[in-house]
Amino acid sequence: MENSFSKILGIFIAIVLLFLYPLYQQAQRQDDLSQIVIHSAVTTFVDSARTKGYITPEMYLEFNQKLGATGNQYDIQMEHLHKKYNPEYTDPANPATFRDSFTTYFDGHYNQEIMQRLFPNSPASDIDRRYVMAVGDFFTVKVKNVNRTMATILSDVFTGGITDGNVKVYVPYGGMVINEDY
């Protein structure tokens, strides 16, 4: 009885070592490749938007197509911080009390507003569908996967379901808008 149990255990360990572990390693490499592809796509998209000073629907759809090529689903968060200046006065009601200084602040615009401009509910011309930014603004994109990758599933098999989350691919990237083309 004890001899047959050890044989069954030995066969189980052999199956795990010969088949499941290499499959897990391949899934890990797939996640690494996805990370590289996503990093490249995010960098290209953000740098293009920063250099041109705007985002077009075509740019966004091309970016989304590159993300979809990995086979994962992603949460895309865009953030545009528009630089604004507020003059400082001793008495705000009296323009003569200007103190020769300005307070700089950033007005934030996020996914919903950007997407509404790119893809409005009513038909609009291509120029009206551009999301325009100004020199000195900041534009950032954060992309993370929302689905469970094969590596996550296999990790759960090996650890008994103790995975610390689904996020295997996460790429934040952004910077200052450096040009305004129209």
# chains A, B, ... in the order shown; residues from 1 in each chain; ligands from 1
>>> residues_around(residues="range 104-113 of chain A", least_positions_apart="6", cutoff="9 Å", atoms="only C-alpha atoms", output="count of residues only")
14
>>> select_by_dssp(residues="range 4-173 of chain A", states="alpha helix (DSSP H)", output="VMD selection string")
chain A and resid 4 to 15 21 to 52 57 to 68 111 to 118 150 to 159
>>> atom_distance(atom1="CA of Ala41 in chain A", atom2="CA of Tyr54 in chain A")
16.8 Å
>>> select_by_dssp(residues="range 4-136 of chain A", states="strand (DSSP E)", output="PyMOL selection string")
chain A and resi 54-55+74-89+98-110+131-132
>>> closest_atom_pairs(of="range 50-116 of chain A", to="range 148-162 of chain A", cutoff="12 Å", atoms="only C-alpha atoms", output="JSON lines")
{"residue": "A:Thr70", "atom": "CA", "partner": "A:Thr149", "partner_atom": "CA", "distance": 10.7}
{"residue": "A:Gly71", "atom": "CA", "partner": "A:Thr149", "partner_atom": "CA", "distance": 9.3}
{"residue": "A:Asn72", "atom": "CA", "partner": "A:Thr149", "partner_atom": "CA", "distance": 7.4}
{"residue": "A:Gln73", "atom": "CA", "partner": "A:Arg148", "partner_atom": "CA", "distance": 9.1}
{"residue": "A:Tyr74", "atom": "CA", "partner": "A:Arg148", "partner_atom": "CA", "distance": 10.8}
>>> closest_residue(among="A:Val169, A:Val146, A:Ile127, A:Ile55", to="Met115 in chain A", atoms="only C-alpha atoms")
A:Ile55
>>> atom_distance(atom1="CA of Tyr173 in chain A", atom2="CA of Thr44 in chain A")
10.1 Å
>>> atom_distance(atom1="CA of Asn64 in chain A", atom2="CA of Asp181 in chain A")
22.7 Å
>>> residues_around(residues="Gln116 in chain A", least_positions_apart="3", cutoff="12 Å", atoms="only C-alpha atoms", output="VMD selection string")
chain A and resid 56 to 57 109 to 113 119 to 124 128 to 131
>>> residues_around(residues="range 47-51 of chain A", least_positions_apart="6", cutoff="6 Å", atoms="only C-alpha atoms", output="MDAnalysis selection string")
chainID A and resid 177:179
>>> residues_around(residues="Leu33 in chain A", least_positions_apart="3", cutoff="12 Å", atoms="only C-alpha atoms", output="VMD selection string")
chain A and resid 26 to 30 36 to 40 67 69 to 72 168 to 169
